[in-house]
$ cat query_2.cif   # mmCIF, N, CA and C atoms
data_query
#
loop_
_atom_site.label_atom_id
_atom_site.label_comp_id
_atom_site.auth_asym_id
_atom_site.auth_seq_id
_atom_site.Cartn_x
_atom_site.Cartn_y
_atom_site.Cartn_z
N MET A 1070 -19.12 -6.97 10.22
CA MET A 1070 -17.97 -6.38 9.56
C MET A 1070 -16.79 -7.33 9.71
N THR A 1071 -16.10 -7.58 8.60
CA THR A 1071 -14.89 -8.37 8.65
C THR A 1071 -13.69 -7.43 8.71
N GLY A 1072 -12.54 -7.99 8.98
CA GLY A 1072 -11.34 -7.18 9.09
C GLY A 1072 -10.60 -7.08 7.77
N PRO A 1073 -9.48 -6.36 7.79
CA PRO A 1073 -8.67 -6.22 6.58
C PRO A 1073 -7.99 -7.55 6.24
N GLN A 1074 -7.56 -7.67 5.02
CA GLN A 1074 -6.83 -8.84 4.57
C GLN A 1074 -5.36 -8.64 4.95
N GLU A 1075 -4.83 -9.51 5.80
CA GLU A 1075 -3.45 -9.37 6.25
C GLU A 1075 -2.54 -10.30 5.48
N ASN A 1076 -1.46 -9.72 4.96
CA ASN A 1076 -0.44 -10.45 4.21
C ASN A 1076 -1.04 -11.32 3.11
N VAL A 1077 -1.92 -10.69 2.32
CA VAL A 1077 -2.53 -11.31 1.16
C VAL A 1077 -2.27 -10.39 -0.02
N LYS A 1078 -1.87 -10.95 -1.15
CA LYS A 1078 -1.63 -10.13 -2.35
C LYS A 1078 -2.97 -9.66 -2.87
N ILE A 1079 -3.22 -8.34 -2.79
CA ILE A 1079 -4.52 -7.82 -3.21
C ILE A 1079 -4.43 -6.96 -4.46
N PHE A 1080 -3.23 -6.84 -5.05
CA PHE A 1080 -3.10 -6.11 -6.31
C PHE A 1080 -2.03 -6.78 -7.16
N GLY A 1081 -2.09 -6.53 -8.47
CA GLY A 1081 -1.14 -7.12 -9.40
C GLY A 1081 0.14 -6.32 -9.46
N LEU A 1082 0.41 -5.68 -10.61
CA LEU A 1082 1.64 -4.90 -10.76
C LEU A 1082 1.66 -3.72 -9.81
N ARG A 1083 0.50 -3.11 -9.59
CA ARG A 1083 0.39 -1.98 -8.68
C ARG A 1083 -1.08 -1.84 -8.31
N PRO A 1084 -1.37 -1.18 -7.21
CA PRO A 1084 -2.78 -0.94 -6.88
C PRO A 1084 -3.43 -0.06 -7.97
N VAL A 1085 -4.72 -0.16 -8.13
CA VAL A 1085 -5.47 0.71 -9.05
C VAL A 1085 -6.67 1.24 -8.29
N GLU A 1086 -6.88 2.56 -8.41
CA GLU A 1086 -7.94 3.24 -7.65
C GLU A 1086 -7.83 2.88 -6.17
N ALA A 1087 -6.63 3.14 -5.64
CA ALA A 1087 -6.35 2.82 -4.25
C ALA A 1087 -5.25 3.73 -3.72
N ILE A 1088 -5.23 3.85 -2.40
CA ILE A 1088 -4.17 4.55 -1.69
C ILE A 1088 -3.34 3.49 -0.99
N ALA A 1089 -2.03 3.63 -1.04
CA ALA A 1089 -1.15 2.71 -0.34
C ALA A 1089 -0.05 3.52 0.33
N GLY A 1090 0.30 3.13 1.54
CA GLY A 1090 1.35 3.83 2.27
C GLY A 1090 1.80 3.05 3.48
N LEU A 1091 2.80 3.59 4.15
CA LEU A 1091 3.39 2.97 5.33
C LEU A 1091 2.92 3.64 6.61
N VAL A 1092 2.74 2.85 7.64
CA VAL A 1092 2.49 3.37 8.98
C VAL A 1092 3.43 2.64 9.94
N PRO A 1093 3.84 3.31 11.03
CA PRO A 1093 4.70 2.63 12.00
C PRO A 1093 4.02 1.35 12.50
N GLY A 1094 4.84 0.36 12.83
CA GLY A 1094 4.29 -0.90 13.36
C GLY A 1094 3.60 -0.68 14.69
N GLY A 1095 2.97 -1.72 15.17
CA GLY A 1095 2.31 -1.63 16.47
C GLY A 1095 0.89 -1.13 16.36
N GLN A 1096 0.53 -0.18 17.21
CA GLN A 1096 -0.85 0.25 17.38
C GLN A 1096 -1.32 1.28 16.36
N HIS A 1097 -0.46 1.75 15.47
CA HIS A 1097 -0.83 2.83 14.54
C HIS A 1097 -1.92 2.44 13.55
N CYS A 1098 -2.05 1.17 13.24
CA CYS A 1098 -3.09 0.73 12.30
C CYS A 1098 -4.49 0.78 12.94
N ILE A 1099 -4.56 0.64 14.25
CA ILE A 1099 -5.86 0.51 14.92
C ILE A 1099 -6.77 1.71 14.67
N PRO A 1100 -6.32 2.96 14.88
CA PRO A 1100 -7.24 4.08 14.64
C PRO A 1100 -7.59 4.23 13.16
N ILE A 1101 -6.68 3.86 12.28
CA ILE A 1101 -6.99 3.93 10.84
C ILE A 1101 -8.09 2.93 10.51
N MET A 1102 -7.92 1.70 10.96
CA MET A 1102 -8.91 0.65 10.68
C MET A 1102 -10.26 0.99 11.32
N ALA A 1103 -10.23 1.62 12.49
CA ALA A 1103 -11.48 1.99 13.16
C ALA A 1103 -12.23 3.07 12.39
N ALA A 1104 -11.49 3.98 11.73
CA ALA A 1104 -12.12 5.11 11.03
C ALA A 1104 -12.60 4.77 9.62
N LEU A 1105 -12.00 3.80 8.97
CA LEU A 1105 -12.32 3.52 7.57
C LEU A 1105 -13.79 3.18 7.31
N PRO A 1106 -14.44 2.35 8.15
CA PRO A 1106 -15.87 2.07 7.88
C PRO A 1106 -16.72 3.34 7.89
N GLY A 1107 -16.38 4.32 8.73
CA GLY A 1107 -17.11 5.58 8.76
C GLY A 1107 -16.94 6.39 7.48
N LEU A 1108 -15.91 6.05 6.70
CA LEU A 1108 -15.68 6.71 5.41
C LEU A 1108 -16.28 5.91 4.26
N GLY A 1109 -17.02 4.85 4.61
CA GLY A 1109 -17.66 4.04 3.58
C GLY A 1109 -16.78 2.96 2.99
N ILE A 1110 -15.68 2.65 3.64
CA ILE A 1110 -14.75 1.63 3.13
C ILE A 1110 -15.13 0.27 3.73
N GLU A 1111 -15.31 -0.72 2.87
CA GLU A 1111 -15.57 -2.08 3.34
C GLU A 1111 -14.24 -2.69 3.76
N MET A 1112 -14.15 -3.15 4.98
CA MET A 1112 -12.88 -3.58 5.54
C MET A 1112 -12.28 -4.79 4.84
N ASP A 1113 -13.10 -5.64 4.25
CA ASP A 1113 -12.54 -6.80 3.57
C ASP A 1113 -11.87 -6.44 2.24
N THR A 1114 -11.93 -5.15 1.86
CA THR A 1114 -11.24 -4.70 0.66
C THR A 1114 -9.91 -4.00 0.99
N VAL A 1115 -9.62 -3.87 2.28
CA VAL A 1115 -8.40 -3.22 2.75
C VAL A 1115 -7.33 -4.28 2.95
N GLY A 1116 -6.10 -3.94 2.57
CA GLY A 1116 -4.99 -4.87 2.76
C GLY A 1116 -3.94 -4.29 3.68
N VAL A 1117 -3.33 -5.15 4.47
CA VAL A 1117 -2.23 -4.76 5.36
C VAL A 1117 -1.10 -5.76 5.15
N LEU A 1118 0.07 -5.25 4.81
CA LEU A 1118 1.27 -6.08 4.69
C LEU A 1118 2.21 -5.75 5.83
N HIS A 1119 2.83 -6.77 6.41
CA HIS A 1119 3.82 -6.55 7.46
C HIS A 1119 4.71 -7.77 7.56
N GLY A 1120 5.88 -7.55 8.14
CA GLY A 1120 6.81 -8.64 8.39
C GLY A 1120 7.39 -9.26 7.13
N ALA A 1121 8.04 -10.42 7.34
CA ALA A 1121 8.70 -11.12 6.23
C ALA A 1121 7.70 -11.54 5.15
N ASP A 1122 6.51 -11.97 5.56
CA ASP A 1122 5.50 -12.37 4.57
C ASP A 1122 5.07 -11.16 3.73
N GLY A 1123 4.93 -10.01 4.37
CA GLY A 1123 4.56 -8.80 3.64
C GLY A 1123 5.62 -8.41 2.62
N ILE A 1124 6.88 -8.53 2.99
CA ILE A 1124 7.98 -8.22 2.07
C ILE A 1124 7.93 -9.16 0.87
N ARG A 1125 7.74 -10.45 1.12
CA ARG A 1125 7.69 -11.43 0.04
C ARG A 1125 6.52 -11.16 -0.91
N ILE A 1126 5.38 -10.77 -0.36
CA ILE A 1126 4.20 -10.49 -1.18
C ILE A 1126 4.41 -9.21 -1.99
N LEU A 1127 4.98 -8.19 -1.36
CA LEU A 1127 5.19 -6.92 -2.04
C LEU A 1127 6.11 -7.05 -3.23
N ASP A 1128 7.20 -7.75 -3.06
CA ASP A 1128 8.22 -7.79 -4.10
C ASP A 1128 8.81 -9.19 -4.22
N PRO A 1129 8.06 -10.11 -4.83
CA PRO A 1129 8.56 -11.49 -4.93
C PRO A 1129 9.78 -11.57 -5.84
N GLU A 1130 10.63 -12.52 -5.54
CA GLU A 1130 11.82 -12.74 -6.37
C GLU A 1130 11.37 -13.20 -7.76
N PRO A 1131 12.01 -12.68 -8.82
CA PRO A 1131 11.66 -13.13 -10.16
C PRO A 1131 12.10 -14.58 -10.36
N HIS A 1132 11.23 -15.38 -10.95
CA HIS A 1132 11.54 -16.79 -11.17
C HIS A 1132 11.71 -17.08 -12.66
N GLY A 1133 10.65 -16.99 -13.40
CA GLY A 1133 10.70 -17.34 -14.81
C GLY A 1133 11.03 -16.15 -15.69
N ILE A 1134 11.13 -16.41 -16.98
CA ILE A 1134 11.45 -15.35 -17.94
C ILE A 1134 10.36 -14.27 -17.94
N GLY A 1135 9.11 -14.66 -17.78
CA GLY A 1135 8.02 -13.68 -17.74
C GLY A 1135 8.18 -12.71 -16.58
N GLN A 1136 8.53 -13.24 -15.42
CA GLN A 1136 8.75 -12.38 -14.24
C GLN A 1136 9.93 -11.44 -14.48
N ARG A 1137 10.99 -11.95 -15.11
CA ARG A 1137 12.16 -11.11 -15.35
C ARG A 1137 11.85 -9.99 -16.34
N ILE A 1138 11.06 -10.31 -17.38
CA ILE A 1138 10.67 -9.28 -18.35
C ILE A 1138 9.80 -8.23 -17.67
N ARG A 1139 8.84 -8.68 -16.88
CA ARG A 1139 7.98 -7.75 -16.15
C ARG A 1139 8.81 -6.87 -15.23
N ARG A 1140 9.76 -7.46 -14.52
CA ARG A 1140 10.62 -6.72 -13.60
C ARG A 1140 11.43 -5.65 -14.35
N PHE A 1141 11.90 -5.99 -15.55
CA PHE A 1141 12.65 -5.03 -16.35
C PHE A 1141 11.79 -3.81 -16.66
N PHE A 1142 10.55 -4.02 -17.10
CA PHE A 1142 9.70 -2.89 -17.46
C PHE A 1142 9.27 -2.09 -16.23
N GLU A 1143 9.06 -2.77 -15.11
CA GLU A 1143 8.73 -2.05 -13.87
C GLU A 1143 9.87 -1.13 -13.44
N SER A 1144 11.11 -1.58 -13.65
CA SER A 1144 12.26 -0.82 -13.20
C SER A 1144 12.48 0.45 -14.02
N LEU A 1145 11.80 0.59 -15.14
CA LEU A 1145 11.96 1.77 -15.98
C LEU A 1145 11.21 2.99 -15.46
N GLY A 1146 10.27 2.80 -14.58
CA GLY A 1146 9.44 3.92 -14.15
C GLY A 1146 9.46 4.13 -12.65
N TYR A 1147 8.47 4.87 -12.20
CA TYR A 1147 8.34 5.26 -10.80
C TYR A 1147 8.07 4.08 -9.89
N GLN A 1148 7.48 3.03 -10.41
CA GLN A 1148 7.03 1.93 -9.56
C GLN A 1148 8.16 1.29 -8.78
N ALA A 1149 9.32 1.12 -9.40
CA ALA A 1149 10.44 0.49 -8.70
C ALA A 1149 10.87 1.33 -7.50
N GLU A 1150 10.87 2.65 -7.63
CA GLU A 1150 11.27 3.52 -6.52
C GLU A 1150 10.25 3.46 -5.38
N ILE A 1151 8.98 3.41 -5.71
CA ILE A 1151 7.94 3.33 -4.67
C ILE A 1151 8.05 2.00 -3.94
N ILE A 1152 8.24 0.92 -4.68
CA ILE A 1152 8.38 -0.40 -4.05
C ILE A 1152 9.60 -0.43 -3.14
N LYS A 1153 10.69 0.23 -3.53
CA LYS A 1153 11.89 0.29 -2.67
C LYS A 1153 11.57 0.99 -1.35
N LEU A 1154 10.80 2.10 -1.42
CA LEU A 1154 10.41 2.80 -0.19
C LEU A 1154 9.59 1.88 0.72
N TRP A 1155 8.61 1.21 0.14
CA TRP A 1155 7.75 0.33 0.93
C TRP A 1155 8.54 -0.86 1.47
N ASP A 1156 9.42 -1.44 0.65
CA ASP A 1156 10.23 -2.56 1.09
C ASP A 1156 11.09 -2.17 2.29
N GLU A 1157 11.71 -1.00 2.20
CA GLU A 1157 12.54 -0.51 3.30
C GLU A 1157 11.70 -0.33 4.57
N GLY A 1158 10.52 0.23 4.43
CA GLY A 1158 9.64 0.41 5.59
C GLY A 1158 9.24 -0.91 6.22
N LEU A 1159 8.87 -1.89 5.39
CA LEU A 1159 8.50 -3.20 5.92
C LEU A 1159 9.68 -3.85 6.65
N ARG A 1160 10.87 -3.69 6.10
CA ARG A 1160 12.06 -4.26 6.74
C ARG A 1160 12.37 -3.57 8.07
N LYS A 1161 11.93 -2.33 8.24
CA LYS A 1161 12.13 -1.59 9.50
C LYS A 1161 11.02 -1.87 10.51
N GLY A 1162 10.06 -2.71 10.13
CA GLY A 1162 8.98 -3.05 11.06
C GLY A 1162 7.70 -2.27 10.86
N GLU A 1163 7.63 -1.46 9.80
CA GLU A 1163 6.40 -0.72 9.53
C GLU A 1163 5.39 -1.63 8.83
N SER A 1164 4.17 -1.17 8.75
CA SER A 1164 3.11 -1.89 8.04
C SER A 1164 2.71 -1.08 6.82
N MET A 1165 2.32 -1.77 5.77
CA MET A 1165 1.84 -1.12 4.56
C MET A 1165 0.33 -1.34 4.49
N ILE A 1166 -0.39 -0.24 4.27
CA ILE A 1166 -1.85 -0.30 4.18
C ILE A 1166 -2.25 0.04 2.76
N VAL A 1167 -3.18 -0.74 2.20
CA VAL A 1167 -3.73 -0.48 0.87
C VAL A 1167 -5.24 -0.34 1.04
N VAL A 1168 -5.77 0.83 0.65
CA VAL A 1168 -7.19 1.14 0.82
C VAL A 1168 -7.78 1.55 -0.52
N PRO A 1169 -8.85 0.88 -0.96
CA PRO A 1169 -9.48 1.33 -2.20
C PRO A 1169 -10.03 2.74 -2.03
N ALA A 1170 -9.86 3.57 -3.06
CA ALA A 1170 -10.30 4.97 -2.95
C ALA A 1170 -10.57 5.54 -4.32
N SER A 1171 -11.59 6.37 -4.39
CA SER A 1171 -11.85 7.13 -5.60
C SER A 1171 -10.93 8.33 -5.61
N TYR A 1172 -10.80 8.95 -6.75
CA TYR A 1172 -9.95 10.14 -6.83
C TYR A 1172 -10.42 11.23 -5.85
N PRO A 1173 -11.73 11.53 -5.79
CA PRO A 1173 -12.16 12.57 -4.83
C PRO A 1173 -11.96 12.15 -3.37
N GLY A 1174 -12.00 10.85 -3.09
CA GLY A 1174 -11.87 10.39 -1.71
C GLY A 1174 -10.45 10.24 -1.22
N ARG A 1175 -9.49 10.45 -2.10
CA ARG A 1175 -8.09 10.20 -1.74
C ARG A 1175 -7.58 11.12 -0.63
N ALA A 1176 -8.01 12.36 -0.61
CA ALA A 1176 -7.49 13.33 0.36
C ALA A 1176 -7.84 12.93 1.79
N THR A 1177 -9.08 12.56 2.03
CA THR A 1177 -9.52 12.20 3.38
C THR A 1177 -8.78 10.99 3.90
N ILE A 1178 -8.63 9.97 3.05
CA ILE A 1178 -7.95 8.75 3.48
C ILE A 1178 -6.46 9.01 3.70
N SER A 1179 -5.83 9.77 2.81
CA SER A 1179 -4.39 10.04 2.99
C SER A 1179 -4.15 10.88 4.25
N GLN A 1180 -5.05 11.80 4.56
CA GLN A 1180 -4.91 12.59 5.79
C GLN A 1180 -5.06 11.71 7.02
N LEU A 1181 -5.95 10.74 6.97
CA LEU A 1181 -6.13 9.80 8.08
C LEU A 1181 -4.85 8.99 8.29
N ILE A 1182 -4.27 8.51 7.21
CA ILE A 1182 -3.03 7.72 7.32
C ILE A 1182 -1.90 8.60 7.85
N ALA A 1183 -1.75 9.80 7.28
CA ALA A 1183 -0.67 10.71 7.71
C ALA A 1183 -0.83 11.11 9.18
N ALA A 1184 -2.05 11.31 9.63
CA ALA A 1184 -2.30 11.72 11.02
C ALA A 1184 -1.91 10.62 12.02
N ASN A 1185 -1.75 9.41 11.51
CA ASN A 1185 -1.36 8.28 12.36
C ASN A 1185 0.06 7.82 12.06
N GLY A 1186 0.89 8.77 11.67
CA GLY A 1186 2.30 8.48 11.44
C GLY A 1186 2.64 7.95 10.06
N GLY A 1187 1.67 7.97 9.15
CA GLY A 1187 1.89 7.42 7.82
C GLY A 1187 2.80 8.28 6.95
N HIS A 1188 3.48 7.63 6.05
CA HIS A 1188 4.34 8.31 5.07
C HIS A 1188 4.44 7.40 3.84
N ALA A 1189 5.10 7.89 2.80
CA ALA A 1189 5.21 7.16 1.53
C ALA A 1189 3.81 6.74 1.06
N VAL A 1190 2.86 7.69 1.16
CA VAL A 1190 1.47 7.43 0.78
C VAL A 1190 1.27 7.91 -0.65
N PHE A 1191 0.74 7.03 -1.48
CA PHE A 1191 0.51 7.33 -2.89
C PHE A 1191 -0.91 6.95 -3.28
N TYR A 1192 -1.49 7.75 -4.18
CA TYR A 1192 -2.77 7.39 -4.78
C TYR A 1192 -2.48 6.84 -6.17
N PHE A 1193 -3.00 5.66 -6.44
CA PHE A 1193 -2.85 5.03 -7.74
C PHE A 1193 -4.18 5.09 -8.47
N GLY A 1194 -4.25 5.94 -9.48
CA GLY A 1194 -5.43 6.01 -10.32
C GLY A 1194 -5.24 5.13 -11.54
N VAL A 1195 -6.15 5.24 -12.47
CA VAL A 1195 -6.02 4.50 -13.72
C VAL A 1195 -5.02 5.27 -14.58
N GLY A 1196 -3.83 4.72 -14.73
CA GLY A 1196 -2.82 5.34 -15.58
C GLY A 1196 -2.00 6.45 -14.94
N HIS A 1197 -2.17 6.71 -13.66
CA HIS A 1197 -1.35 7.73 -13.02
C HIS A 1197 -1.15 7.42 -11.53
N VAL A 1198 -0.12 8.06 -10.96
CA VAL A 1198 0.15 7.92 -9.54
C VAL A 1198 0.41 9.32 -8.99
N GLU A 1199 0.00 9.53 -7.75
CA GLU A 1199 0.15 10.84 -7.11
C GLU A 1199 0.70 10.64 -5.71
N SER A 1200 1.80 11.33 -5.39
CA SER A 1200 2.36 11.28 -4.04
C SER A 1200 1.52 12.17 -3.14
N LEU A 1201 1.08 11.63 -2.01
CA LEU A 1201 0.20 12.38 -1.09
C LEU A 1201 0.90 12.80 0.19
N THR A 1202 2.07 12.23 0.47
CA THR A 1202 2.88 12.60 1.63
C THR A 1202 4.34 12.53 1.22
N GLY A 1203 5.21 12.88 2.13
CA GLY A 1203 6.64 12.73 1.88
C GLY A 1203 7.05 11.27 1.98
N PRO A 1204 8.31 10.99 1.62
CA PRO A 1204 8.79 9.61 1.66
C PRO A 1204 8.86 9.09 3.08
#

$ encode --input "query_2.cif" --output "structure tokens"
Amino acid sequence: MTGPQENVKIFGLRPVEAIAGLVPGGQHCIPIMAALPGLGIEMDTVGVLHGADGIRILDPEPHGIGQRIRRFFESLGYQAEIIKLWDEGLRKGESMIVVPASYPGRATISQLIAANGGHAVFYFGVGHVESLTGP
């Protein structure tokens, strides 16, 4: 078994068929990572963002005109607000976990994250997003 991908960009504009949320820094990721294989999750498909590198990966500064246009359209919907929550958490020393999940499997994974101090947990399906915990 390999471990999660740390500070690697594992999604484009937003995760798809995945749960993403914040957990307090430090040891809070350990029980989550230990439980995921028992839920059938391959660990090399899990992402963890933390620190300055995590912030840069989550929300890179716009450079070219294409990035600026994309940023404009992202700011029109829910995605900008979710990224702000995650950015704030990363800046406070929290870690962001991204776990691939089917729609039926979302509840078990979100409960695991929440039970370990997680918040701002969202399920990203194809064409929709669902808040699974409070901010």

$ closest_residue --input "query_2.cif" --among "A:Val1117, A:Leu1181, A:Ile1079, A:Ile1166" --to "Ile1101 (chain A)" --atoms "all atoms listed in the file"
A:Leu1181

$ atom_distance --input "query_2.cif" --atom1 "CA of Lys1153 (chain A)" --atom2 "atom N of Asp1113 (chain A)"
26.6 Å

$ closest_residue --input "query_2.cif" --among "A:Gly1123, A:Ser1171, A:Val1085, A:Val1198" --to "Glu1157 (chain A)" --atoms "only C-alpha atoms"
A:Gly1123

$ atom_distance --input "query_2.cif" --atom1 "CA of Thr1177 (chain A)" --atom2 "CA of Gly1072 (chain A)"
20.3 Å

$ residues_around --input "query_2.cif" --residues "Met1102 (chain A)" --least-positions-apart "5" --cutoff "9 Å" --atoms "only C-alpha atoms" --output "JSON, numbers by chain"
{"A": [1072, 1073, 1112, 1115]}

$ closest_residue --input "query_2.cif" --among "A:Gly1194, A:Gly1203, A:Pro1093, A:Pro1169" --to "Glu1111 (chain A)" --atoms "only N, CA and C atoms"
A:Pro1169

$ residues_around --input "query_2.cif" --residues "Gly1116 (chain A)" --least-positions-apart "5" --cutoff "12 Å" --atoms "only C-alpha atoms" --output "list in words"
Gly1072, Pro1073, Gln1074, Glu1075, Asn1076, Val1077, Lys1078, Ile1079, Phe1080, Pro1084, Ala1087, Ile1088, Ala1089, Gly1090, Leu1091, Cys1098, Met1102, Ile1110, Glu1111, Gly1123, Ile1126, Leu1127, Ser1164, Met1165, Ile1166, Val1167, Val1168 and Pro1169 of chain A

$ decode --input "query_2.cif" --residues "region 1087-1117 of chain A" --atoms "N, CA and C atoms" --output "PDB file, in the first residue's frame"
ATOM      1  N   ALA A1087     -15.765  13.063  -5.596  1.00  0.00           N
ATOM      2  CA  ALA A1087     -14.818  13.062  -4.485  1.00  0.00           C
ATOM      3  C   ALA A1087     -15.376  13.889  -3.333  1.00  0.00           C
ATOM      4  N   ILE A1088     -14.849  13.597  -2.155  1.00  0.00           N
ATOM      5  CA  ILE A1088     -15.139  14.372  -0.951  1.00  0.00           C
ATOM      6  C   ILE A1088     -13.879  15.153  -0.627  1.00  0.00           C
ATOM      7  N   ALA A1089     -14.049  16.411  -0.268  1.00  0.00           N
ATOM      8  CA  ALA A1089     -12.916  17.232   0.137  1.00  0.00           C
ATOM      9  C   ALA A1089     -13.320  18.033   1.365  1.00  0.00           C
ATOM     10  N   GLY A1090     -12.398  18.158   2.301  1.00  0.00           N
ATOM     11  CA  GLY A1090     -12.676  18.912   3.510  1.00  0.00           C
ATOM     12  C   GLY A1090     -11.420  19.185   4.304  1.00  0.00           C
ATOM     13  N   LEU A1091     -11.586  19.926   5.381  1.00  0.00           N
ATOM     14  CA  LEU A1091     -10.482  20.317   6.243  1.00  0.00           C
ATOM     15  C   LEU A1091     -10.454  19.494   7.519  1.00  0.00           C
ATOM     16  N   VAL A1092      -9.264  19.192   7.987  1.00  0.00           N
ATOM     17  CA  VAL A1092      -9.075  18.584   9.304  1.00  0.00           C
ATOM     18  C   VAL A1092      -7.990  19.373  10.024  1.00  0.00           C
ATOM     19  N   PRO A1093      -8.055  19.439  11.368  1.00  0.00           N
ATOM     20  CA  PRO A1093      -7.005  20.142  12.101  1.00  0.00           C
ATOM     21  C   PRO A1093      -5.634  19.551  11.763  1.00  0.00           C
ATOM     22  N   GLY A1094      -4.616  20.396  11.800  1.00  0.00           N
ATOM     23  CA  GLY A1094      -3.259  19.918  11.526  1.00  0.00           C
ATOM     24  C   GLY A1094      -2.806  18.926  12.579  1.00  0.00           C
ATOM     25  N   GLY A1095      -1.655  18.352  12.346  1.00  0.00           N
ATOM     26  CA  GLY A1095      -1.101  17.411  13.315  1.00  0.00           C
ATOM     27  C   GLY A1095      -1.580  15.993  13.092  1.00  0.00           C
ATOM     28  N   GLN A1096      -2.002  15.334  14.159  1.00  0.00           N
ATOM     29  CA  GLN A1096      -2.286  13.905  14.133  1.00  0.00           C
ATOM     30  C   GLN A1096      -3.670  13.539  13.615  1.00  0.00           C
ATOM     31  N   HIS A1097      -4.521  14.502  13.299  1.00  0.00           N
ATOM     32  CA  HIS A1097      -5.901  14.210  12.916  1.00  0.00           C
ATOM     33  C   HIS A1097      -6.024  13.431  11.614  1.00  0.00           C
ATOM     34  N   CYS A1098      -5.052  13.544  10.734  1.00  0.00           N
ATOM     35  CA  CYS A1098      -5.108  12.803   9.463  1.00  0.00           C
ATOM     36  C   CYS A1098      -4.827  11.310   9.661  1.00  0.00           C
ATOM     37  N   ILE A1099      -4.078  10.968  10.688  1.00  0.00           N
ATOM     38  CA  ILE A1099      -3.626   9.584  10.861  1.00  0.00           C
ATOM     39  C   ILE A1099      -4.789   8.601  10.969  1.00  0.00           C
ATOM     40  N   PRO A1100      -5.788   8.815  11.839  1.00  0.00           N
ATOM     41  CA  PRO A1100      -6.880   7.837  11.906  1.00  0.00           C
ATOM     42  C   PRO A1100      -7.722   7.801  10.628  1.00  0.00           C
ATOM     43  N   ILE A1101      -7.826   8.923   9.950  1.00  0.00           N
ATOM     44  CA  ILE A1101      -8.569   8.937   8.679  1.00  0.00           C
ATOM     45  C   ILE A1101      -7.837   8.086   7.656  1.00  0.00           C
ATOM     46  N   MET A1102      -6.542   8.313   7.513  1.00  0.00           N
ATOM     47  CA  MET A1102      -5.744   7.564   6.538  1.00  0.00           C
ATOM     48  C   MET A1102      -5.718   6.073   6.882  1.00  0.00           C
ATOM     49  N   ALA A1103      -5.712   5.752   8.176  1.00  0.00           N
ATOM     50  CA  ALA A1103      -5.702   4.347   8.586  1.00  0.00           C
ATOM     51  C   ALA A1103      -7.017   3.653   8.242  1.00  0.00           C
ATOM     52  N   ALA A1104      -8.134   4.386   8.286  1.00  0.00           N
ATOM     53  CA  ALA A1104      -9.457   3.786   8.050  1.00  0.00           C
ATOM     54  C   ALA A1104      -9.829   3.685   6.570  1.00  0.00           C
ATOM     55  N   LEU A1105      -9.293   4.539   5.731  1.00  0.00           N
ATOM     56  CA  LEU A1105      -9.719   4.575   4.326  1.00  0.00           C
ATOM     57  C   LEU A1105      -9.517   3.256   3.568  1.00  0.00           C
ATOM     58  N   PRO A1106      -8.381   2.557   3.730  1.00  0.00           N
ATOM     59  CA  PRO A1106      -8.254   1.276   3.007  1.00  0.00           C
ATOM     60  C   PRO A1106      -9.351   0.277   3.372  1.00  0.00           C
ATOM     61  N   GLY A1107      -9.811   0.290   4.622  1.00  0.00           N
ATOM     62  CA  GLY A1107     -10.899  -0.586   5.038  1.00  0.00           C
ATOM     63  C   GLY A1107     -12.221  -0.247   4.369  1.00  0.00           C
ATOM     64  N   LEU A1108     -12.310   0.967   3.821  1.00  0.00           N
ATOM     65  CA  LEU A1108     -13.507   1.387   3.089  1.00  0.00           C
ATOM     66  C   LEU A1108     -13.349   1.171   1.586  1.00  0.00           C
ATOM     67  N   GLY A1109     -12.247   0.522   1.206  1.00  0.00           N
ATOM     68  CA  GLY A1109     -12.019   0.234  -0.210  1.00  0.00           C
ATOM     69  C   GLY A1109     -11.358   1.361  -0.983  1.00  0.00           C
ATOM     70  N   ILE A1110     -10.790   2.324  -0.287  1.00  0.00           N
ATOM     71  CA  ILE A1110     -10.149   3.468  -0.944  1.00  0.00           C
ATOM     72  C   ILE A1110      -8.666   3.150  -1.154  1.00  0.00           C
ATOM     73  N   GLU A1111      -8.205   3.299  -2.387  1.00  0.00           N
ATOM     74  CA  GLU A1111      -6.781   3.126  -2.679  1.00  0.00           C
ATOM     75  C   GLU A1111      -6.059   4.406  -2.265  1.00  0.00           C
ATOM     76  N   MET A1112      -5.076   4.274  -1.411  1.00  0.00           N
ATOM     77  CA  MET A1112      -4.446   5.437  -0.806  1.00  0.00           C
ATOM     78  C   MET A1112      -3.721   6.336  -1.802  1.00  0.00           C
ATOM     79  N   ASP A1113      -3.249   5.788  -2.902  1.00  0.00           N
ATOM     80  CA  ASP A1113      -2.562   6.641  -3.872  1.00  0.00           C
ATOM     81  C   ASP A1113      -3.523   7.531  -4.656  1.00  0.00           C
ATOM     82  N   THR A1114      -4.835   7.384  -4.409  1.00  0.00           N
ATOM     83  CA  THR A1114      -5.818   8.263  -5.040  1.00  0.00           C
ATOM     84  C   THR A1114      -6.280   9.372  -4.092  1.00  0.00           C
ATOM     85  N   VAL A1115      -5.788   9.347  -2.865  1.00  0.00           N
ATOM     86  CA  VAL A1115      -6.147  10.336  -1.840  1.00  0.00           C
ATOM     87  C   VAL A1115      -5.134  11.468  -1.889  1.00  0.00           C
ATOM     88  N   GLY A1116      -5.625  12.698  -1.735  1.00  0.00           N
ATOM     89  CA  GLY A1116      -4.729  13.848  -1.711  1.00  0.00           C
ATOM     90  C   GLY A1116      -4.810  14.579  -0.395  1.00  0.00           C
ATOM     91  N   VAL A1117      -3.681  15.112   0.047  1.00  0.00           N
ATOM     92  CA  VAL A1117      -3.616  15.924   1.263  1.00  0.00           C
ATOM     93  C   VAL A1117      -2.848  17.195   0.917  1.00  0.00           C
TER      94      VAL A1117
END
